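Source file start.cif; content: mmCIF, C-alpha atoms and all ligand atoms.
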data_input
loop_
_atom_site.group_PDB
_atom_site.id
_atom_site.type_symbol
_atom_site.label_atom_id
_atom_site.label_comp_id
_atom_site.auth_asym_id
_atom_site.auth_seq_id
_atom_site.Cartn_x
_atom_site.Cartn_y
_atom_site.Cartn_z
ATOM 1 C CA MET A 1 0.000 0.000 0.000
ATOM 2 C CA GLU A 2 1.094 3.564 -0.813
ATOM 3 C CA THR A 3 2.150 5.517 2.228
ATOM 4 C CA GLU A 4 1.161 9.138 2.867
ATOM 5 C CA GLU A 5 4.801 10.101 2.372
ATOM 6 C CA LYS A 6 4.946 8.416 -1.058
ATOM 7 C CA ARG A 7 1.718 10.137 -2.169
ATOM 8 C CA GLU A 8 3.146 13.534 -1.143
ATOM 9 C CA LYS A 9 6.368 12.807 -3.011
ATOM 10 C CA LYS A 10 4.379 11.903 -6.173
ATOM 11 C CA LYS A 11 2.430 15.166 -5.911
ATOM 12 C CA VAL A 12 5.628 17.187 -5.572
ATOM 13 C CA ASN A 13 7.162 15.351 -8.569
ATOM 14 C CA LYS A 14 4.075 16.127 -10.663
ATOM 15 C CA ILE A 15 4.197 19.814 -9.732
ATOM 16 C CA GLU A 16 7.923 19.932 -10.554
ATOM 17 C CA GLN A 17 7.235 18.320 -13.927
ATOM 18 C CA ILE A 18 4.522 20.915 -14.743
ATOM 19 C CA LEU A 19 6.845 23.745 -13.719
ATOM 20 C CA ASP A 20 9.610 22.320 -15.941
ATOM 21 C CA GLU A 21 7.211 22.114 -18.882
ATOM 22 C CA ASP A 22 6.106 25.718 -18.291
ATOM 23 C CA GLN A 23 9.770 26.794 -18.219
ATOM 24 C CA ASP A 24 10.362 24.991 -21.543
ATOM 25 C CA MET A 25 7.297 26.633 -23.071
ATOM 26 C CA LEU A 26 8.384 30.039 -21.801
ATOM 27 C CA ALA A 27 11.913 29.510 -23.174
ATOM 28 C CA GLU A 28 10.437 28.596 -26.578
ATOM 29 C CA ALA A 29 8.093 31.604 -26.554
ATOM 30 C CA LYS A 30 10.798 34.076 -25.539
ATOM 31 C CA PRO A 31 12.167 34.852 -29.050
ATOM 32 C CA PHE A 32 8.591 35.497 -30.245
ATOM 33 C CA ILE A 33 7.794 37.702 -27.236
ATOM 34 C CA ASN A 34 11.063 39.618 -27.844
ATOM 35 C CA LEU A 35 10.221 40.149 -31.499
ATOM 36 C CA MET A 36 6.766 41.477 -30.591
ATOM 37 C CA MET A 37 8.390 43.892 -28.123
ATOM 38 C CA GLN A 38 10.667 45.111 -30.934
ATOM 39 C CA TYR A 39 7.715 45.670 -33.298
ATOM 40 C CA LYS A 40 6.016 47.610 -30.485
ATOM 41 C CA CYS A 41 9.126 49.823 -30.210
ATOM 42 C CA ALA A 42 9.064 50.408 -33.978
ATOM 43 C CA ILE A 43 5.416 51.518 -33.702
ATOM 44 C CA MET A 44 6.417 53.935 -30.917
ATOM 45 C CA GLU A 45 9.202 55.379 -33.099
ATOM 46 C CA VAL A 46 6.883 56.072 -36.042
ATOM 47 C CA GLU A 47 4.111 57.399 -33.782
ATOM 48 C CA THR A 48 6.568 59.799 -32.158
ATOM 49 C CA LYS A 49 7.699 61.082 -35.558
ATOM 50 C CA LEU A 50 4.073 61.715 -36.533
ATOM 51 C CA LYS A 51 3.326 63.423 -33.216
ATOM 52 C CA VAL A 52 6.372 65.667 -33.613
ATOM 53 C CA LEU A 53 5.107 66.775 -37.046
ATOM 54 C CA ASP A 54 1.661 67.341 -35.533
ATOM 55 C CA ALA A 55 3.075 69.507 -32.732
ATOM 56 C CA GLU A 56 5.101 71.567 -35.221
ATOM 57 C CA PHE A 57 2.103 72.079 -37.542
ATOM 58 C CA SER A 58 -0.140 73.110 -34.649
ATOM 59 C CA GLN A 59 2.425 75.654 -33.539
ATOM 60 C CA GLU A 60 3.456 77.019 -36.963
ATOM 61 C CA PHE A 61 0.266 76.835 -39.017
ATOM 62 C CA ASN A 62 -2.439 76.386 -36.402
ATOM 63 C CA ARG A 63 -3.676 73.173 -37.974
ATOM 64 C CA ASN A 64 -3.248 69.430 -37.463
ATOM 65 C CA PRO A 65 -2.027 67.236 -40.299
ATOM 66 C CA PHE A 66 -3.942 64.233 -38.976
ATOM 67 C CA GLU A 67 -7.099 63.607 -36.961
ATOM 68 C CA SER A 68 -6.046 60.434 -35.149
ATOM 69 C CA ILE A 69 -3.592 57.535 -35.143
ATOM 70 C CA LYS A 70 -4.498 53.926 -34.425
ATOM 71 C CA SER A 71 -1.841 51.289 -34.049
ATOM 72 C CA ARG A 72 -1.907 47.561 -33.584
ATOM 73 C CA LEU A 73 0.354 44.529 -33.344
ATOM 74 C CA LYS A 74 -0.864 41.641 -35.477
ATOM 75 C CA SER A 75 -2.230 38.912 -33.184
ATOM 76 C CA PRO A 76 -0.327 35.595 -32.886
ATOM 77 C CA ALA A 77 -3.352 33.844 -34.473
ATOM 78 C CA SER A 78 -3.315 36.200 -37.519
ATOM 79 C CA ILE A 79 0.462 35.842 -37.856
ATOM 80 C CA TYR A 80 0.129 32.059 -37.799
ATOM 81 C CA GLU A 81 -2.790 32.104 -40.261
ATOM 82 C CA LYS A 82 -0.978 34.389 -42.738
ATOM 83 C CA LEU A 83 2.281 32.377 -42.666
ATOM 84 C CA ARG A 84 0.343 29.145 -43.223
ATOM 85 C CA ARG A 85 -1.818 30.627 -45.993
ATOM 86 C CA LYS A 86 1.274 31.838 -47.837
ATOM 87 C CA GLY A 87 3.139 28.566 -47.288
ATOM 88 C CA TYR A 88 5.967 30.010 -45.177
ATOM 89 C CA PRO A 89 7.557 28.271 -42.193
ATOM 90 C CA ILE A 90 6.079 29.088 -38.789
ATOM 91 C CA THR A 91 9.214 30.514 -37.185
ATOM 92 C CA VAL A 92 10.338 33.816 -35.706
ATOM 93 C CA GLU A 93 12.822 34.256 -38.596
ATOM 94 C CA SER A 94 10.037 33.669 -41.094
ATOM 95 C CA ILE A 95 7.852 36.351 -39.479
ATOM 96 C CA GLU A 96 10.635 38.902 -39.914
ATOM 97 C CA GLU A 97 11.428 37.811 -43.434
ATOM 98 C CA HIS A 98 7.958 37.393 -44.895
ATOM 99 C CA LEU A 99 5.508 39.607 -42.988
ATOM 100 C CA ALA A 100 5.554 43.368 -43.369
ATOM 101 C CA ASP A 101 2.381 44.161 -41.436
ATOM 102 C CA VAL A 102 3.058 42.806 -37.936
ATOM 103 C CA ALA A 103 3.450 46.404 -36.780
ATOM 104 C CA GLY A 104 0.622 48.473 -38.236
ATOM 105 C CA ILE A 105 -0.225 52.148 -37.923
ATOM 106 C CA ARG A 106 -3.299 53.817 -39.388
ATOM 107 C CA VAL A 107 -3.169 57.575 -39.772
ATOM 108 C CA ILE A 108 -6.515 59.278 -40.297
ATOM 109 C CA CYS A 109 -6.299 62.677 -42.009
ATOM 110 C CA SER A 110 -8.988 65.251 -42.754
ATOM 111 C CA PHE A 111 -8.124 65.912 -46.411
ATOM 112 C CA PRO A 112 -6.474 63.923 -49.231
ATOM 113 C CA ASP A 113 -3.732 66.586 -49.617
ATOM 114 C CA ASP A 114 -2.763 66.122 -45.949
ATOM 115 C CA ILE A 115 -2.107 62.431 -46.618
ATOM 116 C CA TYR A 116 0.482 63.127 -49.310
ATOM 117 C CA GLN A 117 2.066 65.996 -47.397
ATOM 118 C CA LEU A 118 2.377 63.946 -44.216
ATOM 119 C CA ALA A 119 3.655 60.853 -46.056
ATOM 120 C CA GLU A 120 6.286 63.003 -47.786
ATOM 121 C CA LEU A 121 7.383 64.685 -44.525
ATOM 122 C CA LEU A 122 7.662 61.322 -42.795
ATOM 123 C CA THR A 123 9.453 59.403 -45.526
ATOM 124 C CA ARG A 124 12.062 62.067 -46.255
ATOM 125 C CA GLN A 125 13.445 61.680 -42.718
ATOM 126 C CA ASP A 126 16.910 60.205 -43.103
ATOM 127 C CA ASP A 127 16.454 57.178 -40.817
ATOM 128 C CA ILE A 128 13.430 55.906 -42.729
ATOM 129 C CA ILE A 129 13.551 53.740 -45.854
ATOM 130 C CA VAL A 130 10.417 53.194 -47.941
ATOM 131 C CA LEU A 131 10.392 49.505 -48.832
ATOM 132 C CA GLU A 132 7.050 49.534 -50.629
ATOM 133 C CA LYS A 133 4.322 51.983 -51.584
ATOM 134 C CA LYS A 134 0.785 51.072 -52.667
ATOM 135 C CA ASP A 135 -1.330 54.048 -53.626
ATOM 136 C CA TYR A 136 -4.919 52.853 -53.489
ATOM 137 C CA ILE A 137 -6.060 56.501 -53.568
ATOM 138 C CA LYS A 138 -4.724 57.198 -57.053
ATOM 139 C CA LYS A 139 -5.565 53.621 -58.068
ATOM 140 C CA PRO A 140 -8.388 52.305 -55.830
ATOM 141 C CA LYS A 141 -9.039 48.566 -55.482
ATOM 142 C CA PRO A 142 -11.894 47.311 -57.722
ATOM 143 C CA ASN A 143 -14.217 47.135 -54.666
ATOM 144 C CA GLY A 144 -13.627 50.855 -53.972
ATOM 145 C CA TYR A 145 -11.025 50.525 -51.186
ATOM 146 C CA ARG A 146 -8.909 53.686 -50.900
ATOM 147 C CA SER A 147 -5.832 54.332 -48.739
ATOM 148 C CA LEU A 148 -2.135 55.004 -49.136
ATOM 149 C CA HIS A 149 -0.048 52.091 -47.836
ATOM 150 C CA LEU A 150 3.641 52.380 -47.043
ATOM 151 C CA ILE A 151 5.966 49.679 -45.767
ATOM 152 C CA LEU A 152 8.745 51.435 -43.889
ATOM 153 C CA ASP A 153 12.070 50.248 -42.563
ATOM 154 C CA ILE A 154 12.888 52.044 -39.316
ATOM 155 C CA PRO A 155 15.748 51.491 -36.864
ATOM 156 C CA ILE A 156 15.128 50.875 -33.176
ATOM 157 C CA PHE A 157 17.946 51.285 -30.666
ATOM 158 C CA LEU A 158 18.117 48.439 -28.145
ATOM 159 C CA SER A 159 20.670 48.131 -25.333
ATOM 160 C CA HIS A 160 23.061 46.019 -27.422
ATOM 161 C CA GLU A 161 22.070 46.589 -31.000
ATOM 162 C CA LYS A 162 20.435 48.778 -33.588
ATOM 163 C CA LYS A 163 17.766 46.787 -35.352
ATOM 164 C CA HIS A 164 15.834 47.530 -38.540
ATOM 165 C CA MET A 165 12.116 46.818 -38.282
ATOM 166 C CA LYS A 166 9.282 46.865 -40.809
ATOM 167 C CA VAL A 167 6.174 48.923 -40.114
ATOM 168 C CA GLU A 168 3.091 49.212 -42.307
ATOM 169 C CA VAL A 169 1.557 52.696 -42.305
ATOM 170 C CA GLN A 170 -1.890 53.192 -43.821
ATOM 171 C CA PHE A 171 -2.971 56.785 -44.520
ATOM 172 C CA ARG A 172 -6.688 57.481 -45.048
ATOM 173 C CA THR A 173 -9.091 60.366 -44.844
ATOM 174 C CA ILE A 174 -11.920 60.201 -42.288
ATOM 175 C CA ALA A 175 -14.283 59.383 -45.141
ATOM 176 C CA MET A 176 -12.075 56.579 -46.512
ATOM 177 C CA ASP A 177 -11.772 55.151 -43.002
ATOM 178 C CA PHE A 178 -15.539 55.275 -42.537
ATOM 179 C CA TRP A 179 -15.990 53.293 -45.776
ATOM 180 C CA ALA A 180 -13.199 50.765 -45.038
ATOM 181 C CA SER A 181 -14.422 50.086 -41.485
ATOM 182 C CA LEU A 182 -17.981 49.395 -42.604
ATOM 183 C CA GLU A 183 -16.889 47.376 -45.622
ATOM 184 C CA HIS A 184 -14.618 45.304 -43.365
ATOM 185 C CA LYS A 185 -17.529 44.566 -41.021
ATOM 186 C CA LEU A 186 -19.875 43.669 -43.870
ATOM 187 C CA LYS A 187 -17.326 41.530 -45.714
ATOM 188 C CA TYR A 188 -17.053 39.057 -42.892
ATOM 189 C CA LYS A 189 -20.816 38.477 -42.638
ATOM 190 C CA LYS A 190 -21.527 35.119 -44.230
ATOM 191 C CA ASN A 191 -24.423 34.155 -46.525
ATOM 192 C CA VAL A 192 -25.293 37.705 -47.495
ATOM 193 C CA LYS A 193 -28.128 37.742 -50.033
ATOM 194 C CA ASP A 194 -27.785 39.905 -53.174
ATOM 195 C CA ALA A 195 -23.991 39.899 -52.769
ATOM 196 C CA GLU A 196 -23.441 41.355 -56.259
ATOM 197 C CA GLU A 197 -25.784 44.247 -55.587
ATOM 198 C CA ILE A 198 -24.091 44.872 -52.247
ATOM 199 C CA VAL A 199 -20.658 44.946 -53.912
ATOM 200 C CA SER A 200 -21.845 47.505 -56.462
ATOM 201 C CA GLN A 201 -23.566 49.594 -53.774
ATOM 202 C CA LEU A 202 -20.360 49.629 -51.736
ATOM 203 C CA LYS A 203 -18.437 50.736 -54.832
ATOM 204 C CA ALA A 204 -20.993 53.507 -55.417
ATOM 205 C CA CYS A 205 -20.609 54.655 -51.785
ATOM 206 C CA SER A 206 -16.841 54.701 -52.237
ATOM 207 C CA ASP A 207 -17.208 56.897 -55.346
ATOM 208 C CA SER A 208 -19.505 59.315 -53.458
ATOM 209 C CA ILE A 209 -17.008 59.446 -50.615
ATOM 210 C CA GLU A 210 -14.206 60.280 -53.050
ATOM 211 C CA GLN A 211 -16.245 63.179 -54.431
ATOM 212 C CA LEU A 212 -16.977 64.425 -50.921
ATOM 213 C CA ASP A 213 -13.289 64.255 -49.984
ATOM 214 C CA TYR A 214 -12.309 66.413 -52.958
ATOM 215 C CA GLN A 215 -15.199 68.855 -52.409
ATOM 216 C CA MET A 216 -14.110 69.359 -48.807
ATOM 217 C CA GLN A 217 -10.522 69.744 -49.986
ATOM 218 C CA GLU A 218 -11.631 72.462 -52.446
ATOM 219 C CA ILE A 219 -13.517 74.289 -49.698
ATOM 220 C CA ARG A 220 -10.412 74.236 -47.514
ATOM 221 C CA ASN A 221 -8.253 75.496 -50.391
ATOM 222 C CA LYS A 222 -10.695 78.375 -50.977
ATOM 223 C CA ILE A 223 -10.756 79.281 -47.273
ATOM 224 C CA ASP A 224 -6.928 79.128 -47.114
ATOM 225 C CA ALA A 225 -6.630 81.316 -50.236
ATOM 226 C CA SER A 226 -9.106 83.889 -48.873
ATOM 227 C CA LYS A 227 -7.013 84.249 -45.685
ATOM 228 C CA GLU A 228 -3.934 85.444 -47.633
HETATM 229 P P1 LIG B 1 -5.837 43.769 -40.861
HETATM 230 O O1 LIG B 1 -6.631 43.092 -39.811
HETATM 231 O O2 LIG B 1 -6.305 45.163 -41.145
HETATM 232 O O3 LIG B 1 -4.358 43.685 -40.658
HETATM 233 P P2 LIG B 1 -0.878 41.191 -47.878
HETATM 234 O O4 LIG B 1 -1.023 41.982 -46.587
HETATM 235 O O5 LIG B 1 0.400 41.494 -48.616
HETATM 236 O O6 LIG B 1 -1.128 39.744 -47.702
HETATM 237 P P3 LIG B 1 -2.275 42.719 -49.751
HETATM 238 O O7 LIG B 1 -3.708 42.691 -50.200
HETATM 239 O O8 LIG B 1 -1.244 42.734 -50.816
HETATM 240 O O9 LIG B 1 -2.084 41.539 -48.754
HETATM 241 O O10 LIG B 1 -1.971 43.947 -48.834
HETATM 242 P P4 LIG B 1 -2.574 45.358 -48.933
HETATM 243 O O11 LIG B 1 -3.300 45.542 -50.217
HETATM 244 O O12 LIG B 1 -1.462 46.295 -48.633
HETATM 245 O O13 LIG B 1 -3.671 45.351 -47.773
HETATM 246 C C1 LIG B 1 -3.367 45.047 -46.469
HETATM 247 C C2 LIG B 1 -4.307 45.728 -45.490
HETATM 248 O O14 LIG B 1 -5.021 46.821 -46.093
HETATM 249 C C3 LIG B 1 -5.400 44.812 -44.965
HETATM 250 O O15 LIG B 1 -4.893 44.144 -43.874
HETATM 251 C C4 LIG B 1 -6.487 45.810 -44.570
HETATM 252 O O16 LIG B 1 -6.185 46.450 -43.343
HETATM 253 C C5 LIG B 1 -6.382 46.841 -45.655
HETATM 254 N N1 LIG B 1 -7.214 46.494 -46.830
HETATM 255 C C6 LIG B 1 -6.770 46.091 -48.041
HETATM 256 N N2 LIG B 1 -7.784 45.897 -48.875
HETATM 257 C C7 LIG B 1 -8.913 46.157 -48.194
HETATM 258 C C8 LIG B 1 -10.319 46.133 -48.545
HETATM 259 O O17 LIG B 1 -10.713 45.813 -49.658
HETATM 260 N N3 LIG B 1 -11.186 46.495 -47.566
HETATM 261 C C9 LIG B 1 -10.789 46.863 -46.314
HETATM 262 N N4 LIG B 1 -11.718 47.198 -45.439
HETATM 263 N N5 LIG B 1 -9.479 46.879 -45.949
HETATM 264 C C10 LIG B 1 -8.560 46.544 -46.881
HETATM 265 P P5 LIG B 1 -5.417 42.715 -43.461
HETATM 266 O O18 LIG B 1 -4.234 41.862 -43.212
HETATM 267 O O19 LIG B 1 -6.405 42.206 -44.463
HETATM 268 O O20 LIG B 1 -6.188 42.917 -42.149
#

Can you dump the structure from the file as C-alpha cells?
Amino acid sequence: METEEKREKKKVNKIEQILDEDQDMLAEAKPFINLMMQYKCAIMEVETKLKVLDAEFSQEFNRNPFESIKSRLKSPASIYEKLRRKGYPITVESIEEHLADVAGIRVICSFPDDIYQLAELLTRQDDIIVLEKKDYIKKPKPNGYRSLHLILDIPIFLSHEKKHMKVEVQFRTIAMDFWASLEHKLKYKKNVKDAEEIVSQLKACSDSIEQLDYQMQEIRNKIDASKE
C-alpha cells in the first residue's frame, strides 16, 4: 500500500514536472515575445515622428495634419494564419522575413492633400527607408477601397544593438476610413443575399465618398486662399 509520504512525493514530482514544462514553453516563446516587443518599439518610433510633425504644424500653421492615429500589433493567431496561408515556415525568422504588417499604424487625415504631405514629410526623414508603396487613392481597389499604404524600414535602438524593423503605415481620410471600417464589417458576414448588388452599392458609396473628400478639400483650399 502507498504511504502518505509516497503520495506527497508523487504530488511534488508532478508539480515539478509541470513547472519544468512551463519553463520549456516560456523559453520557446521568448524569441517570439522579444520580437513582438521590438515591433512595439518600432510603432512607438513612427508614432513619435508623426506626433512631432503634428506639434510643429499646430504651432506654426495652427492646424493638425492628422485627426487620429491607431496602431496595432498583429495577433499571434493572424500571424500564424498568414504564414500558413502563404506557405511560409512558422518561425520567428520567417515572421521577420515574410511579414511586413506585424506592426501596423493607421493615420486618419482630414483631407487627401494632408495624406500626401504627411507621407512626404515622414518618408524624407533620413532614418526611414520606404520599402514599398501602394497608392490605393490614385488607383483604388476594384471594390472601392482607398488608402495610401507604405511599408517602412525604421531602426530601433536596443541596449546592445540597432535593429531595422518593418512597419506598415496606412494613410486614409476620415471618409475613406468610414468606408473601409464598414466594408470590413460587412465583408465578414456570411451568406449575405444579393452579394453582387451589395458589392456595387459599396463601390458607389466609395465613389460618393471620393467626391466628398475632394469637395471638402476644395472648400479648404478656398478658405486658405481667402485668408492670404
Ligand atoms: P488587418 O486586420 O487590417 O491587418 P498582404 O497583406 O500582402 O497579404 P495585400 O492585399 O497585398 O495583402 O496587402 P494590402 O493591399 O497592402 O492590404 C493590407 C491591409 O489593407 C489589410 O490588412 C487591410 O487592413 C487593408 N485592406 C486592403 N484591402 C482592403 C479592402 O478591400 N477592404 C478593407 N476594409 N481593408 C482593406 P489585413 O491583413 O487584411 O487585415

For this session: Just give me the gap between atom CA of A:Val167 and atom CA of A:Pro142 in Å, one decimal is fine.
Result: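 That distance, rounded to one decimal, is 25.3 Å.
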
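Each residue with an atom within 7 Å of any atom of ligand LIG 1 (chain B) appears in the list, which was built counting all atoms listed in the file: Lys74, Asp101, Lys134, Lys141, Asn143, Tyr145, His149, Ala180, Ser181, Glu183 and His184 of chain A.
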
Give me, as a Markdown table, the closest atom pair and its distance (Å, one decimal) for every residue of stretch 18-78 of chain A within a cut-off of 9 Å of stretch 115-126 of chain A, counting all atoms listed in the file, rows sorted by chain and rising number.
| residue | atom | partner | partner_atom | distance |
| --- | --- | --- | --- | --- |
| A:Val46 | CA | A:Leu122 | CA | 8.6 |
| A:Lys49 | CA | A:Leu122 | CA | 7.2 |
| A:Leu50 | CA | A:Leu122 | CA | 7.2 |
| A:Leu53 | CA | A:Leu121 | CA | 8.1 |
| A:Pro65 | CA | A:Leu118 | CA | 6.7 |
| A:Phe66 | CA | A:Ile115 | CA | 8.1 |

Exercise. Between atom CA of A:Arg172 and atom CA of A:Ile79, what is the distance, to one decimal in Å?
Worked result: 23.9 Å

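In this structure, atom CA of A:Met176 sits 6.1 Å away from atom CA of A:Arg146.
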
Problem set entry | Closest of A:Leu83, A:Met216, A:Ile69, A:Ile108 to A:Phe178 - atom-to-atom distances counting all atoms listed in the file |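 Between A:Leu83, A:Met216, A:Ile69, A:Ile108, the residue approaching A:Phe178 most closely is A:Ile108.
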
Exercise. Which residues fall under the PyMOL selection byres (((chain A and resi 104) around 12) and not hetatm) in this file, as a VMD selection string?
Worked result: chain A and resid 39 to 44 46 to 47 69 to 75 99 to 103 105 to 107 149 to 152 165 to 171

Selection file, C-alpha atoms, as a PDB file, keeping the file's coordinate frame:
ATOM      1  CA  TYR A  39       7.715  45.670 -33.298  1.00  0.00           C
ATOM      2  CA  LYS A  40       6.016  47.610 -30.485  1.00  0.00           C
ATOM      3  CA  CYS A  41       9.126  49.823 -30.210  1.00  0.00           C
ATOM      4  CA  ALA A  42       9.064  50.408 -33.978  1.00  0.00           C
ATOM      5  CA  ILE A  43       5.416  51.518 -33.702  1.00  0.00           C
ATOM      6  CA  MET A  44       6.417  53.935 -30.917  1.00  0.00           C
ATOM      7  CA  VAL A  46       6.883  56.072 -36.042  1.00  0.00           C
ATOM      8  CA  GLU A  47       4.111  57.399 -33.782  1.00  0.00           C
ATOM      9  CA  ILE A  69      -3.592  57.535 -35.143  1.00  0.00           C
ATOM     10  CA  LYS A  70      -4.498  53.926 -34.425  1.00  0.00           C
ATOM     11  CA  SER A  71      -1.841  51.289 -34.049  1.00  0.00           C
ATOM     12  CA  ARG A  72      -1.907  47.561 -33.584  1.00  0.00           C
ATOM     13  CA  LEU A  73       0.354  44.529 -33.344  1.00  0.00           C
ATOM     14  CA  LYS A  74      -0.864  41.641 -35.477  1.00  0.00           C
ATOM     15  CA  SER A  75      -2.230  38.912 -33.184  1.00  0.00           C
ATOM     16  CA  LEU A  99       5.508  39.607 -42.988  1.00  0.00           C
ATOM     17  CA  ALA A 100       5.554  43.368 -43.369  1.00  0.00           C
ATOM     18  CA  ASP A 101       2.381  44.161 -41.436  1.00  0.00           C
ATOM     19  CA  VAL A 102       3.058  42.806 -37.936  1.00  0.00           C
ATOM     20  CA  ALA A 103       3.450  46.404 -36.780  1.00  0.00           C
ATOM     21  CA  ILE A 105      -0.225  52.148 -37.923  1.00  0.00           C
ATOM     22  CA  ARG A 106      -3.299  53.817 -39.388  1.00  0.00           C
ATOM     23  CA  VAL A 107      -3.169  57.575 -39.772  1.00  0.00           C
ATOM     24  CA  HIS A 149      -0.048  52.091 -47.836  1.00  0.00           C
ATOM     25  CA  LEU A 150       3.641  52.380 -47.043  1.00  0.00           C
ATOM     26  CA  ILE A 151       5.966  49.679 -45.767  1.00  0.00           C
ATOM     27  CA  LEU A 152       8.745  51.435 -43.889  1.00  0.00           C
ATOM     28  CA  MET A 165      12.116  46.818 -38.282  1.00  0.00           C
ATOM     29  CA  LYS A 166       9.282  46.865 -40.809  1.00  0.00           C
ATOM     30  CA  VAL A 167       6.174  48.923 -40.114  1.00  0.00           C
ATOM     31  CA  GLU A 168       3.091  49.212 -42.307  1.00  0.00           C
ATOM     32  CA  VAL A 169       1.557  52.696 -42.305  1.00  0.00           C
ATOM     33  CA  GLN A 170      -1.890  53.192 -43.821  1.00  0.00           C
ATOM     34  CA  PHE A 171      -2.971  56.785 -44.520  1.00  0.00           C
TER      35      PHE A 171
END

For this session: Between A:Ile174, A:Asp153, A:Ile33, A:Phe111, single out the one closest to A:Leu131, counting only C-alpha atoms.
Result: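 The shortest atom-to-atom distance to A:Leu131 comes from A:Asp153.
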
Problem set entry | Test item: the PyMOL selection byres (((chain A and resi 205-215) around 8) and not hetatm) resolved as JSON, numbers by chain | {"A": [111, 112, 144, 145, 173, 175, 176, 179, 201, 202, 203, 204, 216, 217, 218, 219]}

For this session: Write out as a PyMOL selection string each polymer residue whose atoms come within 12 Å of A:Glu28, counting all atoms listed in the file; drop sequence neighbours fewer than 6 positions from it.
Result: chain A and resi 21-22+34+91-92

With the input short on atoms, add all heavy atoms back to stretch 192-197 of chain A and write it as a PDB file, keeping the file's coordinate frame.
ATOM      1  N   VAL A 192     -24.551  36.472 -47.233  1.00  0.00           N
ATOM      2  CA  VAL A 192     -25.293  37.705 -47.495  1.00  0.00           C
ATOM      3  C   VAL A 192     -26.029  37.541 -48.827  1.00  0.00           C
ATOM      4  O   VAL A 192     -25.433  37.153 -49.839  1.00  0.00           O
ATOM      5  CB  VAL A 192     -24.315  38.908 -47.583  1.00  0.00           C
ATOM      6  CG1 VAL A 192     -25.089  40.213 -47.701  1.00  0.00           C
ATOM      7  CG2 VAL A 192     -23.416  38.934 -46.371  1.00  0.00           C
ATOM      8  N   LYS A 193     -27.347  37.833 -48.782  1.00  0.00           N
ATOM      9  CA  LYS A 193     -28.128  37.742 -50.033  1.00  0.00           C
ATOM     10  C   LYS A 193     -27.785  38.944 -50.918  1.00  0.00           C
ATOM     11  O   LYS A 193     -27.332  39.976 -50.439  1.00  0.00           O
ATOM     12  CB  LYS A 193     -29.617  37.763 -49.695  1.00  0.00           C
ATOM     13  CG  LYS A 193     -30.120  36.422 -49.208  1.00  0.00           C
ATOM     14  CD  LYS A 193     -31.638  36.441 -49.089  1.00  0.00           C
ATOM     15  CE  LYS A 193     -32.082  35.259 -48.248  1.00  0.00           C
ATOM     16  NZ  LYS A 193     -33.279  35.551 -47.484  1.00  0.00           N
ATOM     17  N   ASP A 194     -28.048  38.832 -52.203  1.00  0.00           N
ATOM     18  CA  ASP A 194     -27.785  39.905 -53.174  1.00  0.00           C
ATOM     19  C   ASP A 194     -26.355  40.414 -53.087  1.00  0.00           C
ATOM     20  O   ASP A 194     -26.113  41.620 -53.105  1.00  0.00           O
ATOM     21  CB  ASP A 194     -28.746  41.100 -52.948  1.00  0.00           C
ATOM     22  CG  ASP A 194     -30.197  40.676 -53.020  1.00  0.00           C
ATOM     23  OD1 ASP A 194     -30.554  39.953 -53.967  1.00  0.00           O
ATOM     24  OD2 ASP A 194     -30.956  41.046 -52.121  1.00  0.00           O
ATOM     25  N   ALA A 195     -25.383  39.484 -52.961  1.00  0.00           N
ATOM     26  CA  ALA A 195     -23.991  39.899 -52.769  1.00  0.00           C
ATOM     27  C   ALA A 195     -23.510  40.836 -53.877  1.00  0.00           C
ATOM     28  O   ALA A 195     -22.836  41.827 -53.605  1.00  0.00           O
ATOM     29  CB  ALA A 195     -23.095  38.684 -52.676  1.00  0.00           C
ATOM     30  N   GLU A 196     -23.914  40.527 -55.134  1.00  0.00           N
ATOM     31  CA  GLU A 196     -23.441  41.355 -56.259  1.00  0.00           C
ATOM     32  C   GLU A 196     -23.922  42.795 -56.125  1.00  0.00           C
ATOM     33  O   GLU A 196     -23.175  43.742 -56.360  1.00  0.00           O
ATOM     34  CB  GLU A 196     -23.970  40.776 -57.561  1.00  0.00           C
ATOM     35  CG  GLU A 196     -22.853  40.522 -58.581  1.00  0.00           C
ATOM     36  CD  GLU A 196     -23.384  39.821 -59.801  1.00  0.00           C
ATOM     37  OE1 GLU A 196     -24.018  40.504 -60.620  1.00  0.00           O
ATOM     38  OE2 GLU A 196     -23.182  38.596 -59.900  1.00  0.00           O
ATOM     39  N   GLU A 197     -25.210  42.906 -55.746  1.00  0.00           N
ATOM     40  CA  GLU A 197     -25.784  44.247 -55.587  1.00  0.00           C
ATOM     41  C   GLU A 197     -25.066  44.992 -54.451  1.00  0.00           C
ATOM     42  O   GLU A 197     -24.767  46.181 -54.573  1.00  0.00           O
ATOM     43  CB  GLU A 197     -27.277  44.128 -55.277  1.00  0.00           C
ATOM     44  CG  GLU A 197     -28.011  45.443 -55.450  1.00  0.00           C
ATOM     45  CD  GLU A 197     -29.411  45.404 -54.877  1.00  0.00           C
ATOM     46  OE1 GLU A 197     -29.984  44.296 -54.792  1.00  0.00           O
ATOM     47  OE2 GLU A 197     -29.900  46.474 -54.480  1.00  0.00           O
TER      48      GLU A 197
END
